[in-house]
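Trainee: Would you mind keeping the following structure in view while I ask a few things?
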Amino acid sequence: MKHIEFLNKKLAVVLLLLCPLSVYAERIKDLAEIAGVRSNQLVGYGLVVGLNKTGDKTKFTGRSLRAMLARLGINVLPVGIDPKARNIAAVSVSAELPPFIKPGQKIDVTVSSLGDAKSLRGGTLLMSPLKGVDGKVYAVAQGSLVVGGLTASGADGSKITVNNPVVGRIANGATVERSVETPFGDGDALYFNLFSADFTTANRMVEAINRILGPDTASAIDGSSIRVNAPLDRSQRVTFASLVENIQFAPDDAPARIIVNSRTGTVVINSNVRVQPAAVAHGNLVVTITENQQVSQPQPFARRGNTVQTTQSDVQVDEGNNHMFVFNPGVSLNDIVRAVNNVGAAPSDLVAILEALKTAGALRAELIII
C-alpha cells in the first residue's frame with residue numbers, strides 16, 4: 001500500500017517531467033522492450049480451393065484432398081488413386097501471435113503456395129490449424145484470400161506476371177484458440193532490454209528513471225538490460241509500465257560505422273565517422289583498343305603474292321583527370337562526402353577508397369560489408 005500511495009503522489013510530478021529533455025530525447029518504448037512481452041510464430045498446412053484452373057499438379061495435393069474427404073466421411077475413389085483437380089492448391093499458412101491476446105480474438109494470416117500453382121487469386125482457404133513450436137494448436141485459419149499479384153498468358157506462350165500471384169493474405173483470418181502466458185506479472189520487477197546494446201545508453205536510461213520515479217528504482221544489469229522495481233499488483237503494474245516506457249532521455253550516439261551493400265552499391269556513413277591525416281589519389285585507367293581492317297596487295301607486275309586482309313590495332317590509354325585530395329585530422333562526414341564528390345568518384349570507387357583508408361589505419365570507423 002505504501003508503494004501505491006507513493007506512486008499516486010508522484011503521478012503529477014511524473015506527468016510534468018515526461019516532457020522532452022532535449023531535441024534528441026526519445027521515449028524508452030522506442031529504444032527498449034519489456035522482457036517476456038513478445039510475439040510467437042505460428043505455422044500450418046492447408047488447402048486453397050475455388051481456383052480457376054490455376055492450382056498445382058503435385059501428388060501431395062491430391063493426397064491431402066483425399067485425406068480431407070476421408071475425414072468428412074466421403075470415399076469416392078479406390079485406395080491408391082488420388083483425385084486430380086486443377087482448382088486446388090497446397091499452401092503453407094503462417095501467422096504471428098501477439099502478446100496478451102486471448103482466445104476468440106482474430107489475427108491476420110499469410111498464405112503461400114507450396115507446389116506449382118500459377119495463382120491463388122479467387123481462392124478460399126479451408127480450415128487449417130496453426131501450431132506453435134511446441135506442436136500445440138493456437139489458432140485456426142479459414143477464409144477468402146486477397147492476392148495482390150496476377151498472371152496472364154496468351155495462346156502463343158507469352159506470359160506476364162505482376163507482383164506475386166501465389167502469396168495471399170486473409171485479414172482477421174484466424175481465430176485464436178489458446179493464449180500464451182507471459183512473465184509480465186511475475187516477480188517484483190520489470191526488465192527492459194535495449195534493442196541495441198550500449199553501456200552509455202543503459203546508464204542514461206537508469207538515470208532518467210531514477211530522476212523521475214525516485215532513487216534506486218532502476219539499476220543496470222549489463223549493457224542491454226535494466227531492472228526496474230515494479231508493484232506486485234497487476235493493475236498497478238500496467239500503469240507503472242506505461243509511465244516508465246514514456247519517460248524520455250537522450251540516448252548515446254551510435255558507434256562510428258560505414259555500411260556498404262556490395263550488391264546494390266549503397267554506402268551509408270553515420271555522422272561519427274572520422275578520418276586521420278591521409279592523402280588519396282584515385283584515378284580511372286581507361287584502355288581503348290580500335291581495330292582497323294585494311295587490304296594488302298602485291299606490287300604491280302609482281303610474279304608472286306596474293307591480296308589479303310590485314311588488321312591494324314590502335315591502342316590508347318587514358319588515366320583520367322582525377323586529382324589527389326587530402327584529409328585533415330578528424331574530418332567530419334560532410335568533408336568526406338565533399339572530397340569524394342569533387343573528384344567524381346562513383347559508389348564503387350568510394351568503396352575502394354574507404355577500404356584503402358581502413359587498411360592504412362586512417363579510418364576511425366567499423367567498415368561493414370553486407
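Starting from 1 in every chain, residues are counted up; chains themselves are A, B, ... following the order of the C-alpha cells, and ligands are numbered from 1 as listed.
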Could you produce a table of the residues of stretch 173-280 of chain A lying within 10 Å of stretch 125-139 of chain A, with the nearest pair of atoms per residue and their separation in Å rounded to one decimal, using only C-alpha atoms, ordered by chain and increasing residue number, as a Markdown table?
Mentor:
```
| residue | atom | partner | partner_atom | distance |
| --- | --- | --- | --- | --- |
| A:Gly173 | CA | A:Leu125 | CA | 9.3 |
| A:Ala174 | CA | A:Ala139 | CA | 6.1 |
| A:Thr175 | CA | A:Ala139 | CA | 5.4 |
| A:Val176 | CA | A:Ala139 | CA | 4.2 |
| A:Glu177 | CA | A:Ala139 | CA | 5.0 |
| A:Arg178 | CA | A:Tyr138 | CA | 4.7 |
| A:Ser179 | CA | A:Tyr138 | CA | 7.1 |
| A:Val180 | CA | A:Tyr138 | CA | 8.6 |
```
Trainee: Please produce a file of the residues just selected, as a short mmCIF file (atom, residue, chain, number, x, y, z; two decimals), in the first residue's frame, where the atoms kept are C-alpha atoms.
Mentor:
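Written output follows (selection_29.cif):
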```
data_model
loop_
_atom_site.label_atom_id
_atom_site.label_comp_id
_atom_site.auth_asym_id
_atom_site.auth_seq_id
_atom_site.Cartn_x
_atom_site.Cartn_y
_atom_site.Cartn_z
CA GLY A 173 -8.43 -14.84 -40.98
CA ALA A 174 -7.57 -16.89 -37.89
CA THR A 175 -9.36 -17.29 -34.57
CA VAL A 176 -7.15 -17.70 -31.51
CA GLU A 177 -7.90 -20.89 -29.56
CA ARG A 178 -5.15 -20.77 -26.93
CA SER A 179 -3.29 -17.93 -25.21
CA VAL A 180 0.37 -17.81 -24.24
#
```
Trainee: Extract the full set of strand (DSSP E) residues from stretch 140-212 of chain A according to DSSP on the backbone, and format it as a list in words.
Mentor: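 Taking stretch 140-212 of chain A and keeping strand (DSSP E) gives Val140, Ala141, Gln142, Gly143, Ser144, Leu150, Thr151, Ala152, Ser153, Lys159, Ile160, Thr161, Val162, Val167, Gly168, Arg169, Ile170, Ala171, Asn172, Gly173, Ala174, Thr175, Val176, Ala189, Leu190, Tyr191, Phe192, Asn193 and Leu194 of chain A.
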Trainee: I'd like to know which of A:Ala202, A:Leu69, A:Val91, A:Ala365 is closest to A:Ala32, using only C-alpha atoms.
Mentor: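 Using only C-alpha atoms, the shortest distance to A:Ala32 belongs to A:Ala202.
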Trainee: Here is a test: counting only C-alpha atoms, which residue of A:Thr201, A:Asn164, A:Gln236, A:Thr266 is nearest to A:Ala25?
Mentor: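 The shortest atom-to-atom distance to A:Ala25 comes from A:Thr201.
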Trainee: Quick one, how far is atom CA of A:Leu357 from atom CA of A:Asn272?
Mentor: 15.8 Å
Trainee: In Å, how far is it from atom CA of A:Thr217 to atom CA of A:Gly187?
Mentor: 14.8 Å
Trainee: Pick out the closest residue to A:Thr264 from this set: A:Ile370, A:Val147, A:Val49, A:Met68. Count only C-alpha atoms.
Mentor: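 Counting only C-alpha atoms, the residue closest to A:Thr264 is A:Ile370.
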Trainee: Quick one, how far is atom CA of A:Pro251 from atom CA of A:Leu354?
Mentor: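 So the two atoms, atom CA of A:Pro251 and atom CA of A:Leu354, lie 27.9 Å apart.
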Trainee: Which residue is closest to A:Leu47? Choose from A:Ser119, A:Thr239, A:Thr124, A:Ser196 and count only C-alpha atoms.
Mentor: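 Nearest to A:Leu47: A:Thr124.
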Trainee: For A:Ser225, work out the shell of residues within 9 Å, counting only C-alpha atoms and skipping chain neighbours fewer than 2 positions away, then give it as a VMD selection string.
Mentor: chain A and resid 32 35 191 to 194 197 202 219 to 223 227
Trainee: Could you dump the residues just selected with C-alpha atoms as a short mmCIF file (atom, residue, chain, number, x, y, z; two decimals), in the first residue's frame?
Mentor:
```cif
data_model
loop_
_atom_site.label_atom_id
_atom_site.label_comp_id
_atom_site.auth_asym_id
_atom_site.auth_seq_id
_atom_site.Cartn_x
_atom_site.Cartn_y
_atom_site.Cartn_z
CA ALA A 32 13.76 -0.95 -25.41
CA ALA A 35 11.44 -8.84 -21.32
CA TYR A 191 13.25 -5.91 -17.11
CA PHE A 192 13.78 -3.65 -20.13
CA ASN A 193 16.05 -4.90 -22.93
CA LEU A 194 17.60 -2.35 -25.28
CA ALA A 197 23.25 -2.81 -26.51
CA ALA A 202 21.76 1.96 -20.48
CA SER A 219 19.53 -0.43 -11.97
CA ALA A 220 21.55 -1.62 -14.97
CA ILE A 221 22.32 -5.33 -15.17
CA ASP A 222 24.57 -5.04 -18.22
CA GLY A 223 24.83 -3.01 -21.42
CA ARG A 227 15.93 -3.83 -13.90
#
```
Trainee: Hey, which of A:Arg86, A:Asp252, A:Ser39, A:Val140 ends up closest to A:Pro103? Count only C-alpha atoms.
Mentor: A:Val140
Trainee: I need the residues in stretch 134-290 of chain A that are alpha helix (DSSP H) according to DSSP; give them as a count of residues only.
Mentor: 27
